[in-house]
Structures are given as C-alpha cells and as structure tokens.
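The data block below is data15.txt; it holds compact mmCIF, C-alpha atoms and all ligand atoms.
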```
# COMPACT_ATOMS: atom_id res chain seq x y z
CA MET A 6 -49.89 -45.44 -49.80
CA PRO A 7 -52.84 -43.10 -50.43
CA VAL A 8 -56.01 -44.72 -51.72
CA SER A 9 -56.26 -44.55 -55.50
CA PRO A 10 -59.26 -42.89 -57.18
CA ALA A 11 -59.97 -46.23 -58.88
CA ASP A 12 -60.28 -47.92 -55.47
CA LEU A 13 -62.58 -45.16 -54.26
CA ASP A 14 -64.76 -45.57 -57.35
CA GLY A 15 -64.72 -49.35 -56.84
CA ALA A 16 -66.03 -48.97 -53.29
CA ASP A 17 -68.63 -46.33 -54.24
CA ARG A 18 -72.15 -47.72 -53.93
CA LEU A 19 -73.49 -45.02 -56.27
CA SER A 20 -70.88 -45.55 -58.99
CA ALA A 21 -73.35 -47.33 -61.30
CA PHE A 22 -75.48 -44.18 -61.50
CA ARG A 23 -72.83 -42.54 -63.67
CA ASP A 24 -73.96 -44.87 -66.49
CA ARG A 25 -77.45 -43.43 -66.23
CA PHE A 26 -76.20 -40.18 -67.72
CA VAL A 27 -75.25 -39.28 -71.27
CA ILE A 28 -71.47 -38.93 -71.13
CA ASP A 29 -70.28 -38.55 -74.68
CA ASP A 30 -68.33 -35.34 -74.40
CA ASP A 31 -64.58 -35.17 -74.82
CA LEU A 32 -63.96 -33.82 -71.32
CA VAL A 33 -61.39 -35.06 -68.83
CA ALA A 34 -63.57 -33.87 -65.96
CA TYR A 35 -66.90 -32.05 -65.76
CA LEU A 36 -66.86 -30.20 -62.45
CA ASP A 37 -69.72 -27.83 -63.09
CA GLY A 38 -72.76 -29.97 -62.25
CA ASN A 39 -73.69 -27.27 -59.72
CA SER A 40 -74.37 -24.87 -62.59
CA LEU A 41 -75.78 -27.31 -65.14
CA GLY A 42 -76.18 -30.97 -64.26
CA ARG A 43 -75.54 -33.70 -66.82
CA LEU A 44 -78.33 -35.09 -69.02
CA PRO A 45 -79.94 -38.30 -67.67
CA LYS A 46 -80.47 -40.96 -70.35
CA ALA A 47 -84.03 -41.46 -69.11
CA THR A 48 -84.74 -37.79 -69.81
CA GLN A 49 -83.41 -38.08 -73.32
CA GLU A 50 -85.83 -40.96 -73.96
CA ARG A 51 -88.75 -39.38 -72.14
CA LEU A 52 -88.53 -36.13 -74.07
CA ALA A 53 -88.19 -37.95 -77.40
CA ALA A 54 -91.30 -40.00 -76.58
CA PHE A 55 -93.15 -36.88 -75.41
CA VAL A 56 -92.42 -35.05 -78.65
CA ARG A 57 -93.34 -38.03 -80.80
CA GLU A 58 -96.37 -39.44 -79.02
CA GLU A 59 -97.82 -36.80 -76.72
CA TRP A 60 -97.19 -33.52 -78.45
CA GLY A 61 -97.23 -35.03 -81.93
CA GLY A 62 -100.04 -37.48 -81.30
CA ARG A 63 -102.35 -35.96 -78.74
CA LEU A 64 -101.98 -32.25 -79.59
CA ILE A 65 -104.42 -30.07 -77.63
CA ARG A 66 -106.04 -33.15 -76.05
CA GLY A 67 -102.83 -33.59 -74.04
CA TRP A 68 -103.74 -30.70 -71.74
CA SER A 69 -106.89 -32.26 -70.38
CA GLU A 70 -105.49 -35.80 -70.52
CA SER A 71 -102.53 -35.07 -68.24
CA TRP A 72 -100.50 -31.93 -68.80
CA VAL A 73 -102.73 -29.58 -66.84
CA ASP A 74 -102.01 -31.44 -63.61
CA LEU A 75 -98.26 -31.71 -64.09
CA PRO A 76 -97.15 -28.58 -62.16
CA VAL A 77 -98.72 -29.91 -58.96
CA ALA A 78 -98.18 -33.65 -59.58
CA VAL A 79 -94.45 -33.23 -60.23
CA GLY A 80 -94.27 -30.59 -57.49
CA ASP A 81 -95.60 -33.20 -55.07
CA GLU A 82 -93.05 -35.75 -56.29
CA LEU A 83 -90.20 -33.28 -55.93
CA GLY A 84 -91.50 -32.13 -52.54
CA ALA A 85 -91.67 -35.69 -51.20
CA ALA A 86 -88.31 -36.89 -52.55
CA LEU A 87 -86.18 -33.76 -52.13
CA LEU A 88 -87.80 -31.30 -49.73
CA GLY A 89 -89.50 -33.25 -46.95
CA ALA A 90 -92.75 -31.61 -48.03
CA ALA A 91 -96.20 -33.19 -47.78
CA SER A 92 -98.32 -32.92 -50.90
CA GLY A 93 -100.17 -29.79 -51.91
CA GLN A 94 -97.40 -27.33 -51.03
CA THR A 95 -95.01 -27.45 -53.99
CA VAL A 96 -95.46 -26.47 -57.66
CA ILE A 97 -93.14 -26.56 -60.63
CA ALA A 98 -93.26 -23.27 -62.51
CA ASP A 99 -91.34 -20.46 -64.11
CA SER A 100 -87.78 -19.65 -63.04
CA THR A 101 -86.35 -19.35 -59.55
CA SER A 102 -86.22 -15.59 -60.01
CA VAL A 103 -89.90 -15.32 -60.96
CA ASN A 104 -90.95 -17.63 -58.12
CA LEU A 105 -88.84 -15.64 -55.70
CA TYR A 106 -90.58 -12.46 -56.82
CA LYS A 107 -93.96 -14.06 -56.22
CA LEU A 108 -93.04 -15.56 -52.86
CA LEU A 109 -91.41 -12.37 -51.57
CA HIS A 110 -94.68 -10.55 -52.16
CA ALA A 111 -96.68 -13.42 -50.65
CA ALA A 112 -94.36 -13.55 -47.62
CA ALA A 113 -94.50 -9.79 -47.01
CA GLY A 114 -98.28 -10.03 -47.31
CA VAL A 115 -98.60 -12.53 -44.45
CA ARG A 116 -96.77 -10.12 -42.10
CA PRO A 117 -98.73 -6.87 -42.47
CA GLY A 118 -97.55 -4.02 -40.27
CA ARG A 119 -93.92 -5.13 -40.45
CA ASP A 120 -91.73 -3.33 -42.96
CA GLU A 121 -88.26 -4.89 -43.15
CA ILE A 122 -86.86 -7.56 -45.44
CA VAL A 123 -83.57 -9.06 -44.25
CA ILE A 124 -80.98 -10.50 -46.66
CA ASP A 125 -77.21 -10.95 -46.65
CA VAL A 126 -74.73 -9.23 -48.95
CA THR A 127 -73.21 -12.62 -49.85
CA ASN A 128 -76.50 -13.88 -51.31
CA PHE A 129 -76.90 -14.67 -55.01
CA PRO A 130 -77.42 -11.55 -57.20
CA THR A 131 -80.98 -12.38 -58.29
CA ASP A 132 -82.05 -12.77 -54.65
CA ARG A 133 -80.52 -9.41 -53.69
CA TYR A 134 -81.92 -7.58 -56.70
CA LEU A 135 -85.43 -8.97 -56.20
CA VAL A 136 -85.44 -8.14 -52.50
CA GLU A 137 -84.56 -4.55 -53.38
CA SER A 138 -87.23 -4.45 -56.07
CA VAL A 139 -90.00 -5.91 -53.88
CA ALA A 140 -89.02 -3.76 -50.88
CA SER A 141 -89.19 -0.65 -53.04
CA ALA A 142 -92.54 -1.62 -54.57
CA ARG A 143 -94.05 -2.24 -51.12
CA GLY A 144 -92.45 0.71 -49.32
CA MET A 145 -90.34 -1.62 -47.19
CA THR A 146 -86.72 -1.32 -46.02
CA VAL A 147 -83.92 -3.80 -46.77
CA ARG A 148 -81.79 -4.77 -43.75
CA TRP A 149 -78.44 -6.04 -45.02
CA LEU A 150 -76.50 -8.71 -43.13
CA GLU A 151 -72.75 -8.53 -43.74
CA PRO A 152 -71.41 -11.95 -42.82
CA ASP A 153 -67.97 -13.34 -43.48
CA LEU A 154 -68.12 -15.25 -46.81
CA VAL A 155 -67.05 -18.58 -45.32
CA GLU A 156 -68.81 -18.53 -41.93
CA ASN A 157 -71.76 -16.96 -43.69
CA VAL A 158 -75.09 -16.33 -41.93
CA THR A 159 -74.87 -17.76 -38.41
CA PRO A 160 -77.56 -17.32 -35.74
CA ASP A 161 -75.42 -14.54 -34.20
CA VAL A 162 -75.17 -12.64 -37.48
CA LEU A 163 -78.91 -13.01 -38.09
CA ALA A 164 -79.76 -11.87 -34.55
CA THR A 165 -78.25 -8.43 -35.24
CA ALA A 166 -81.01 -7.69 -37.76
CA LEU A 167 -84.11 -9.32 -36.28
CA GLY A 168 -86.71 -7.29 -34.46
CA GLU A 169 -90.33 -6.27 -34.36
CA ARG A 170 -90.05 -4.69 -37.82
CA THR A 171 -88.82 -7.96 -39.43
CA ALA A 172 -91.35 -9.20 -41.95
CA VAL A 173 -89.32 -11.51 -44.20
CA VAL A 174 -85.84 -13.04 -44.09
CA VAL A 175 -84.32 -14.41 -47.33
CA LEU A 176 -81.51 -16.94 -47.05
CA SER A 177 -79.71 -19.30 -49.42
CA HIS A 178 -79.27 -22.78 -47.97
CA VAL A 179 -75.83 -23.19 -49.58
CA ASP A 180 -73.76 -20.13 -50.43
CA TYR A 181 -73.12 -20.12 -54.18
CA ARG A 182 -69.53 -18.98 -53.78
CA SER A 183 -68.07 -20.52 -50.59
CA GLY A 184 -70.32 -23.60 -50.56
CA THR A 185 -71.18 -22.96 -46.90
CA LEU A 186 -74.30 -24.85 -45.75
CA LEU A 187 -76.51 -22.79 -43.46
CA ASP A 188 -78.38 -24.15 -40.43
CA LEU A 189 -81.85 -24.23 -41.99
CA PRO A 190 -83.83 -25.41 -38.93
CA GLY A 191 -81.97 -23.17 -36.46
CA LEU A 192 -82.18 -20.01 -38.55
CA THR A 193 -85.84 -20.70 -39.35
CA ASP A 194 -86.58 -20.93 -35.61
CA ALA A 195 -84.77 -17.64 -34.99
CA VAL A 196 -86.83 -15.86 -37.65
CA HIS A 197 -90.03 -17.25 -36.15
CA ALA A 198 -89.01 -16.21 -32.64
CA ALA A 199 -88.81 -12.63 -33.94
CA GLY A 200 -92.25 -12.95 -35.53
CA GLY A 201 -91.09 -12.98 -39.15
CA VAL A 202 -91.31 -15.51 -41.96
CA VAL A 203 -88.47 -17.02 -43.96
CA VAL A 204 -87.97 -17.64 -47.67
CA TRP A 205 -85.27 -20.24 -48.31
CA ASP A 206 -83.48 -20.41 -51.66
CA LEU A 207 -82.58 -24.07 -52.17
CA CYS A 208 -80.88 -23.75 -55.59
CA HIS A 209 -77.59 -25.21 -54.39
CA SER A 210 -78.99 -27.82 -52.03
CA ALA A 211 -82.06 -29.37 -53.70
CA GLY A 212 -81.19 -32.90 -54.73
CA VAL A 213 -77.87 -33.08 -52.93
CA VAL A 214 -78.53 -32.13 -49.28
CA PRO A 215 -81.34 -33.72 -47.21
CA ILE A 216 -84.01 -31.07 -46.63
CA ALA A 217 -86.98 -31.27 -44.27
CA LEU A 218 -89.11 -28.19 -44.90
CA ASP A 219 -92.23 -29.39 -43.08
CA ALA A 220 -90.29 -30.61 -40.05
CA ALA A 221 -88.42 -27.29 -39.80
CA ALA A 222 -91.72 -25.36 -40.22
CA VAL A 223 -90.24 -23.38 -43.11
CA ASP A 224 -92.67 -20.81 -44.49
CA PHE A 225 -91.66 -20.43 -48.15
CA ALA A 226 -88.95 -21.87 -50.41
CA VAL A 227 -87.79 -21.74 -54.02
CA GLY A 228 -85.13 -23.55 -55.98
CA CYS A 229 -83.98 -24.50 -59.42
CA THR A 230 -83.88 -27.86 -61.14
CA TYR A 231 -81.05 -27.49 -63.64
CA LYS A 232 -78.28 -27.82 -61.06
CA TYR A 233 -78.29 -31.01 -58.94
CA VAL A 234 -81.72 -32.10 -60.24
CA ASN A 235 -80.26 -32.41 -63.77
CA ALA A 236 -83.41 -31.20 -65.56
CA GLY A 237 -81.59 -29.19 -68.23
CA PRO A 238 -80.86 -25.59 -69.17
CA GLY A 239 -83.77 -23.33 -68.26
CA ALA A 240 -85.83 -26.16 -66.74
CA PRO A 241 -88.70 -24.81 -64.63
CA ALA A 242 -88.10 -24.11 -60.94
CA PHE A 243 -90.12 -25.04 -57.85
CA ALA A 244 -91.97 -22.99 -55.27
CA TYR A 245 -93.05 -24.20 -51.82
CA VAL A 246 -95.66 -22.56 -49.62
CA ALA A 247 -96.37 -24.11 -46.20
CA ALA A 248 -99.99 -25.27 -45.98
CA ARG A 249 -100.66 -22.94 -43.04
CA HIS A 250 -99.90 -19.89 -45.22
CA LEU A 251 -101.76 -21.00 -48.31
CA ALA A 252 -105.05 -19.23 -47.61
CA ASP A 253 -103.29 -15.87 -47.09
CA ALA A 254 -100.52 -16.19 -49.68
CA ARG A 255 -101.24 -13.77 -52.55
CA GLN A 256 -98.83 -13.35 -55.41
CA PRO A 257 -98.63 -10.50 -57.94
CA ILE A 258 -98.56 -12.43 -61.25
CA ALA A 259 -102.05 -13.81 -60.73
CA GLY A 260 -102.68 -15.04 -64.26
CA TRP A 261 -105.34 -17.47 -65.39
CA TRP A 262 -103.39 -20.55 -64.26
CA SER A 263 -103.69 -19.33 -60.65
CA ALA A 264 -107.47 -19.04 -60.86
CA ALA A 265 -109.87 -21.32 -58.99
CA ASP A 266 -111.26 -22.69 -62.26
CA LEU A 267 -108.75 -22.53 -65.10
CA PHE A 268 -111.16 -23.32 -67.91
CA ALA A 269 -114.16 -21.33 -66.62
CA MET A 270 -112.68 -18.19 -68.27
CA SER A 271 -114.67 -16.27 -65.70
CA ASP A 272 -115.27 -12.51 -65.83
CA THR A 273 -114.06 -12.13 -62.29
CA TYR A 274 -110.87 -13.51 -60.85
CA GLU A 275 -111.06 -15.92 -57.97
CA THR A 276 -107.75 -17.32 -56.75
CA SER A 277 -107.29 -21.09 -56.48
CA PRO A 278 -107.55 -22.34 -52.89
CA THR A 279 -104.68 -24.75 -53.61
CA ILE A 280 -100.98 -24.35 -54.33
CA ARG A 281 -102.02 -23.68 -57.94
CA ARG A 282 -102.48 -20.06 -56.84
CA MET A 283 -98.69 -19.72 -57.24
CA LEU A 284 -98.91 -20.47 -60.97
CA SER A 285 -99.22 -17.68 -63.53
CA GLY A 286 -99.44 -18.80 -67.16
CA THR A 287 -99.12 -21.90 -69.34
CA PRO A 288 -96.20 -24.01 -68.10
CA SER A 289 -93.47 -25.74 -70.12
CA VAL A 290 -94.61 -29.36 -70.32
CA SER A 291 -91.33 -30.71 -71.70
CA GLY A 292 -89.48 -28.85 -68.94
CA ILE A 293 -91.66 -30.34 -66.21
CA LEU A 294 -91.20 -33.86 -67.61
CA ALA A 295 -87.42 -33.35 -67.44
CA VAL A 296 -87.81 -32.31 -63.80
CA GLN A 297 -89.80 -35.46 -63.13
CA GLU A 298 -87.06 -37.70 -64.57
CA GLY A 299 -84.39 -35.84 -62.57
CA VAL A 300 -86.40 -36.23 -59.37
CA ARG A 301 -86.99 -39.94 -60.01
CA LEU A 302 -83.29 -40.61 -60.47
CA ILE A 303 -82.53 -38.88 -57.17
CA ALA A 304 -85.36 -40.72 -55.41
CA GLU A 305 -84.01 -44.04 -56.68
CA ALA A 306 -80.52 -43.35 -55.30
CA GLY A 307 -81.84 -41.69 -52.13
CA VAL A 308 -80.85 -38.23 -50.94
CA ASP A 309 -79.08 -39.65 -47.86
CA ALA A 310 -76.81 -41.83 -49.99
CA ILE A 311 -76.20 -38.87 -52.32
CA ARG A 312 -75.28 -36.70 -49.36
CA ALA A 313 -72.86 -39.33 -48.00
CA LYS A 314 -71.06 -39.46 -51.35
CA SER A 315 -71.11 -35.67 -51.63
CA GLU A 316 -69.34 -35.38 -48.25
CA ALA A 317 -66.76 -37.96 -49.32
CA LEU A 318 -66.18 -36.40 -52.75
CA THR A 319 -65.74 -32.89 -51.36
CA ALA A 320 -63.41 -34.24 -48.61
CA TYR A 321 -61.35 -35.98 -51.30
CA ALA A 322 -61.09 -32.78 -53.36
CA ILE A 323 -60.09 -30.80 -50.25
CA GLU A 324 -57.40 -33.38 -49.40
CA LEU A 325 -55.90 -33.11 -52.91
CA LEU A 326 -56.07 -29.30 -52.94
CA ASP A 327 -54.50 -29.11 -49.47
CA ALA A 328 -51.65 -31.36 -50.55
CA ALA A 329 -50.93 -28.86 -53.33
CA GLY A 330 -51.09 -25.92 -50.93
CA LEU A 331 -54.02 -24.14 -52.62
CA GLU A 332 -56.26 -21.77 -50.65
CA ILE A 333 -59.72 -23.21 -49.99
CA VAL A 334 -62.66 -20.99 -49.02
CA THR A 335 -65.11 -23.81 -48.30
CA PRO A 336 -65.72 -25.04 -44.73
CA ARG A 337 -63.61 -28.07 -43.80
CA GLU A 338 -66.30 -29.50 -41.53
CA PRO A 339 -68.42 -31.70 -43.87
CA GLY A 340 -71.62 -30.78 -42.04
CA LEU A 341 -71.00 -27.13 -42.85
CA ARG A 342 -70.69 -27.39 -46.62
CA GLY A 343 -72.79 -28.28 -49.65
CA SER A 344 -71.44 -30.10 -52.69
CA HIS A 345 -68.92 -27.73 -54.20
CA VAL A 346 -65.42 -26.78 -53.16
CA THR A 347 -64.06 -23.32 -53.90
CA VAL A 348 -60.47 -22.30 -54.37
CA ARG A 349 -59.25 -18.72 -54.14
CA HIS A 350 -56.45 -17.78 -56.52
CA ALA A 351 -55.20 -14.34 -57.56
CA GLU A 352 -55.31 -15.39 -61.22
CA ALA A 353 -58.48 -17.44 -61.03
CA ARG A 354 -59.77 -16.29 -64.40
CA GLU A 355 -56.61 -17.39 -66.23
CA VAL A 356 -56.40 -20.63 -64.24
CA ALA A 357 -60.02 -21.53 -65.08
CA ALA A 358 -59.45 -20.73 -68.77
CA GLY A 359 -56.33 -22.91 -68.76
CA MET A 360 -58.29 -25.78 -67.19
CA ILE A 361 -61.01 -25.56 -69.84
CA GLU A 362 -58.38 -25.71 -72.57
CA ARG A 363 -57.22 -28.98 -71.06
CA GLY A 364 -60.69 -30.51 -70.90
CA VAL A 365 -61.58 -29.75 -67.28
CA VAL A 366 -64.68 -27.62 -66.71
CA PRO A 367 -64.86 -25.78 -63.36
CA ASP A 368 -66.53 -22.43 -63.00
CA PHE A 369 -65.04 -19.08 -62.37
CA ARG A 370 -66.65 -16.54 -60.07
CA GLU A 371 -65.48 -12.94 -60.02
CA PRO A 372 -63.00 -11.86 -58.97
CA ASP A 373 -60.79 -14.68 -57.72
CA LEU A 374 -62.78 -17.87 -57.12
CA ILE A 375 -62.83 -21.25 -58.89
CA ARG A 376 -65.68 -23.57 -57.96
CA LEU A 377 -65.49 -27.33 -58.35
CA GLY A 378 -69.06 -28.64 -58.37
CA LEU A 379 -69.27 -32.32 -57.47
CA SER A 380 -72.53 -33.94 -58.46
CA PRO A 381 -72.60 -37.32 -56.67
CA LEU A 382 -74.70 -39.27 -59.18
CA SER A 383 -72.46 -38.42 -62.12
CA THR A 384 -69.09 -37.32 -60.74
CA SER A 385 -66.50 -40.06 -60.16
CA TYR A 386 -63.48 -39.96 -57.85
CA ALA A 387 -61.31 -40.45 -60.95
CA GLU A 388 -62.83 -37.29 -62.41
CA VAL A 389 -62.08 -35.34 -59.22
CA ALA A 390 -58.48 -36.60 -59.17
CA ALA A 391 -57.92 -35.75 -62.83
CA GLY A 392 -59.63 -32.37 -62.53
CA VAL A 393 -57.74 -31.29 -59.43
CA ALA A 394 -54.43 -32.41 -60.99
CA VAL A 395 -55.06 -30.09 -63.95
CA LEU A 396 -56.11 -27.27 -61.60
CA VAL A 397 -52.93 -27.66 -59.55
CA ASP A 398 -50.85 -27.65 -62.70
CA CYS A 399 -52.53 -24.54 -64.13
CA ALA A 400 -52.31 -22.73 -60.78
CA ALA A 401 -48.55 -23.37 -60.59
CA ARG A 402 -47.82 -21.60 -63.87
C1 LIG B 1 -78.67 -20.65 -59.66
C2 LIG B 1 -79.32 -19.77 -58.65
C3 LIG B 1 -80.42 -18.98 -58.99
C4 LIG B 1 -80.90 -18.96 -60.41
O1 LIG B 1 -82.05 -18.25 -60.64
P1 LIG B 1 -82.72 -18.33 -62.09
O2 LIG B 1 -83.96 -17.61 -61.98
O3 LIG B 1 -82.86 -19.79 -62.43
O4 LIG B 1 -81.77 -17.73 -63.07
C5 LIG B 1 -81.03 -18.24 -57.99
N1 LIG B 1 -80.56 -18.27 -56.71
C6 LIG B 1 -79.48 -19.02 -56.37
C7 LIG B 1 -79.01 -19.05 -54.95
C8 LIG B 1 -78.81 -19.77 -57.33
O5 LIG B 1 -77.75 -20.49 -57.01
```

Represent the structure from my file as structure tokens, please.
Amino acid sequence: MPVSPADLDGADRLSAFRDRFVIDDDLVAYLDGNSLGRLPKATQERLAAFVREEWGGRLIRGWSESWVDLPVAVGDELGAALLGAASGQTVIADSTSVNLYKLLHAAAGVRPGRDEIVIDVTNFPTDRYLVESVASARGMTVRWLEPDLVENVTPDVLATALGERTAVVVLSHVDYRSGTLLDLPGLTDAVHAAGGVVVWDLCHSAGVVPIALDAAAVDFAVGCTYKYVNAGPGAPAFAYVAARHLADARQPIAGWWSAADLFAMSDTYETSPTIRRMLSGTPSVSGILAVQEGVRLIAEAGVDAIRAKSEALTAYAIELLDAAGLEIVTPREPGLRGSHVTVRHAEAREVAAGMIERGVVPDFREPDLIRLGLSPLSTSYAEVAAGVAVLVDCAAR
C-alpha cells in the first residue's frame, strides 16, 4: 500500500514549522509559496511591535539608534544563513530588479575592454530586459544562449558563448518555469576561465537550496525575499558583491545612502568603501525587519534540512503526477531541480482557474505551464496530496 500523506507528515522532522505561520485562509492547498511565501507569526508580532514602539515611540531617533545599520546587519545575517557569504558583502535594499541594474553596471565596470553580456532566453523577463537596457546604455552586445527549457544552461551551452569579449554572464540559479537547478559552482568556474564575471539571480533558490557564494568564488548575486524567505509582498531584496570586487564596484544609482559618510551631507560625493556603496536611498525599515524574521526562521530549521524536505516533497508531487499521466517539465533527478514542480497542459490557464475555484492555489505561466511551488517550512504532504488530486481532476475535464 502506498504511504499515506498523513504518515509522511508524521515522519517529517520539519512538520512543526507549519505552526509558525499564519494559516487562517480557507484554502485546501497553497502551492504558490515560490511566488509569495506565507506570513510567519513572528513577523506579524515583530511588525506590530515595530509600529507601536519603534516608529510610534522613537520617531526620528530610531534611525541613529538602530535603523541606519539594518541594511548591512540583516544583509550579514541573510548572507551567513542563506548564501554562504562572510560578512560585509551583502545588503538588503530595493527590489531584485533595481539591484540587478546596479550590479550589472558594477560587473561590466570590473571588466573594462570586454563588451559582451551573456544571458539565456529562458531567463526571467526582468533579467532579460535589464541586460538589454544596460548593454545598450554601455554600448555592449547581448549574447543570447538558447538552451532547452528543461536541461537549461549546461556547461556545454554556456561554452558556445564564452570568449575574450565576455564581460558578464547572468544566470538564474533555478529556472522560474521548469524548476531546473543550475550548477552554480561549475558554471561560475567556466565564466572565470573565460575571464568574465558572473551575476547569479538567486530568487528561486534563496532559503530553499544550500548556496555557498564565497566557496564558489561567485562575483555578484541578487535575489528576492518574498518567495522562500517569506518576508512579504514587495519586501526588499538582497545584493551580494564579493569582497575582492568591492573597491572597484561602482553602481549608477549612487544616492546619499551609498556615500562614505551618510550624515556629513558633503558637497562632494565620496563612495562608501563598504558594501553600503550598493545602497541608494532611504530603505524600508519594516520591510527589512520582515526579512530578518524570515531569515531567522530558516536559520532555525537549517537550509540543509529544508533542502532534504524540498527534495522529498517535489519527489512526492512528481510520483502523484506521474501516476495520473500528466506531463512534467521539471527534472526528475532531485539534484537537478529547485523546489517547484511544473506541469505542461494544453489548457493550463483553464485548469489553473478551475483549481483556484476549488481552493487550490498553483500558478499559471504562459502559455501552457502550471507551477506547484512547495515551500518546505509551510507546505505539508497532505497539502501536496490534496492539491495534486484537484489538479488531476481539473486536468481530466
Ligand atoms: C521573482 C523573480 C524576480 C523578481 O524581481 P522583482 O524586482 O522583485 O520584481 C527576478 N528574477 C527572478 C529570477 C525571479 O524569479
């Protein structure tokens, strides 16, 4: 007899973490934690206390008492717990898109004399659009990789574009559609062997896949915090710059928060020697506090334990989808996928709408994909079983 979802939940060492989230919706299954993670209870309390005591009570004094240091302090916490990054290389700021814009310019700037930016056609829209925008502003050329969606960017595919003109390569660690997990250390080495630098987009891996940026000698990285870090809609993103590039990394939105002395209000601009040079303007304090709570929850569970459950949850979903004969476009080898499973269906839009009507939230990606995002701290096996059952039913109509 197949193992029941209740038995799987009973044996799950992370099952108690589900109670750390606010779950008072009327859903049968929330399978979209890869687009917007659930709200941690600790965040709800922290933000209420912040509004009441810090904002309400300290007013402007809050900046000098603690807020001014938050972008770097929480960046360090996130870097240590999620990215394998030593302190002083990560900041919390702005959105992923804005950070990507800054880091693309910084990355191109550390490879003067080279004029190509490499990116794949399967990459997330904002990454592709910003690469085109930065290339055009700097008089550079975009070299497009055209990988298969599921195999995605392999060392062989990347090798076709690398050369002495390669300045920057932009890659997403986990493909947002297929869920394919790229070989971050191997591809980073290949870019370095060609003399370029790499910018990794970690939006779909931060908090759910172990990442070792320092060990892999990654140059630059960005990622968001509202997916697997559960920091809420529009929560600020992170930016990582390897210490060895810091002195040369110049970004184009060099506002007062990136200056050497924020409160000197100096006539002339001098860029901060630290990772603060990647900041631009006044950050969202409430947003950063939500990031801190999300990071602490992940650190408490441990990214390795989260990854183990992610592999098991995605394997379970694949087993159920296979049994129903649905087409899966996510790698079957656990080591080659992130934490979502994607189904291809000719009527995906209608199927996804039917699922939502029945209390199961997946997400639909044009033109024919349905993603099931499994967020190990809050998604139960029972939720996966119930969600897939509804998907199978809707797909059979
Ligand atoms: C979600 C996501 C983004 C989002 O960028 P925003 O600036 O937060 O809108 C960027 N890149 C990838 C790969 C994503 O998955």

Distance CA of Thr165 (chain A)-CA of Arg255 (chain A), one decimal place?
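Pair CA of Thr165 (chain A) / CA of Arg255 (chain A) returns 29.3 Å.
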
How would you write as an NGL selection string the residues that get within 8 Å of (-89.3, -8.6, -39.4) in the file's frame, counting all atoms listed in the file?
:A and (119-123 or 167-174 or 196 or 199-202)

Kindly compute an axis-aligned box around the listed atoms of region 221-234 of chain A, allowing 6 Å on each side, and express its centre and edge lengths in Å to one decimal as lines of an AutoDock Vina configuration file.
```
center_x = -85.5
center_y = -26.3
center_z = -51.7
size_x = 26.4
size_y = 23.7
size_z = 35.8
```

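Pairwise distance (CA of Arg342 (chain A), CA of Thr193 (chain A)) equals 18.1 Å.
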
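Take the candidates A:Gly84, A:Ser71, A:Pro190, A:Asn235 and check each one against Thr48 (chain A) using all atoms listed in the file; the shortest distance goes to A:Asn235.
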
In Å, with one decimal, what is the gap from CA of Ser100 (chain A) to atom O3 of ligand LIG 1 (chain B)?
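Separation of CA of Ser100 (chain A) and atom O3 of ligand LIG 1 (chain B): 5.0 Å.
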
Selection near Glu332 (chain A), 8 Å with all atoms listed in the file, sequence-local residues under 4 positions removed, as a list of chain:residue names:
A:Leu326, A:Asp327, A:Val348, A:Arg349, A:His350

Using only C-alpha atoms, please write the residues we just selected to a file, as a PDB file, in the coordinates of the input.
```
ATOM      1  CA  LEU A 326     -56.070 -29.300 -52.940  1.00  0.00           C
ATOM      2  CA  ASP A 327     -54.500 -29.110 -49.470  1.00  0.00           C
ATOM      3  CA  VAL A 348     -60.470 -22.300 -54.370  1.00  0.00           C
ATOM      4  CA  ARG A 349     -59.250 -18.720 -54.140  1.00  0.00           C
ATOM      5  CA  HIS A 350     -56.450 -17.780 -56.520  1.00  0.00           C
TER       6      HIS A 350
END
```

Hey, what's within 10 Å of Asp180 (chain A) if we count all atoms listed in the file and toss same-chain stuff fewer than 2 positions away? As a list in words, please?
Thr127, Asn128, Phe129, Leu154, Val155, Glu156, Asn157, Val158, Leu176, Ser177, His178, Arg182, Ser183, Gly184, Thr185, Leu186, Leu187, Asp206, Leu207, Cys208, His209, Ser210, Thr335, Arg342, Gly343 and His345 of chain A

If you keep C-alpha atoms, can you produce a file of those selected residues as an mmCIF file, keeping the file's coordinate frame?
```
data_model
loop_
_atom_site.group_PDB
_atom_site.id
_atom_site.type_symbol
_atom_site.label_atom_id
_atom_site.label_comp_id
_atom_site.auth_asym_id
_atom_site.auth_seq_id
_atom_site.Cartn_x
_atom_site.Cartn_y
_atom_site.Cartn_z
ATOM 1 C CA THR A 127 -73.210 -12.620 -49.850
ATOM 2 C CA ASN A 128 -76.500 -13.880 -51.310
ATOM 3 C CA PHE A 129 -76.900 -14.670 -55.010
ATOM 4 C CA LEU A 154 -68.120 -15.250 -46.810
ATOM 5 C CA VAL A 155 -67.050 -18.580 -45.320
ATOM 6 C CA GLU A 156 -68.810 -18.530 -41.930
ATOM 7 C CA ASN A 157 -71.760 -16.960 -43.690
ATOM 8 C CA VAL A 158 -75.090 -16.330 -41.930
ATOM 9 C CA LEU A 176 -81.510 -16.940 -47.050
ATOM 10 C CA SER A 177 -79.710 -19.300 -49.420
ATOM 11 C CA HIS A 178 -79.270 -22.780 -47.970
ATOM 12 C CA ARG A 182 -69.530 -18.980 -53.780
ATOM 13 C CA SER A 183 -68.070 -20.520 -50.590
ATOM 14 C CA GLY A 184 -70.320 -23.600 -50.560
ATOM 15 C CA THR A 185 -71.180 -22.960 -46.900
ATOM 16 C CA LEU A 186 -74.300 -24.850 -45.750
ATOM 17 C CA LEU A 187 -76.510 -22.790 -43.460
ATOM 18 C CA ASP A 206 -83.480 -20.410 -51.660
ATOM 19 C CA LEU A 207 -82.580 -24.070 -52.170
ATOM 20 C CA CYS A 208 -80.880 -23.750 -55.590
ATOM 21 C CA HIS A 209 -77.590 -25.210 -54.390
ATOM 22 C CA SER A 210 -78.990 -27.820 -52.030
ATOM 23 C CA THR A 335 -65.110 -23.810 -48.300
ATOM 24 C CA ARG A 342 -70.690 -27.390 -46.620
ATOM 25 C CA GLY A 343 -72.790 -28.280 -49.650
ATOM 26 C CA HIS A 345 -68.920 -27.730 -54.200
#
```
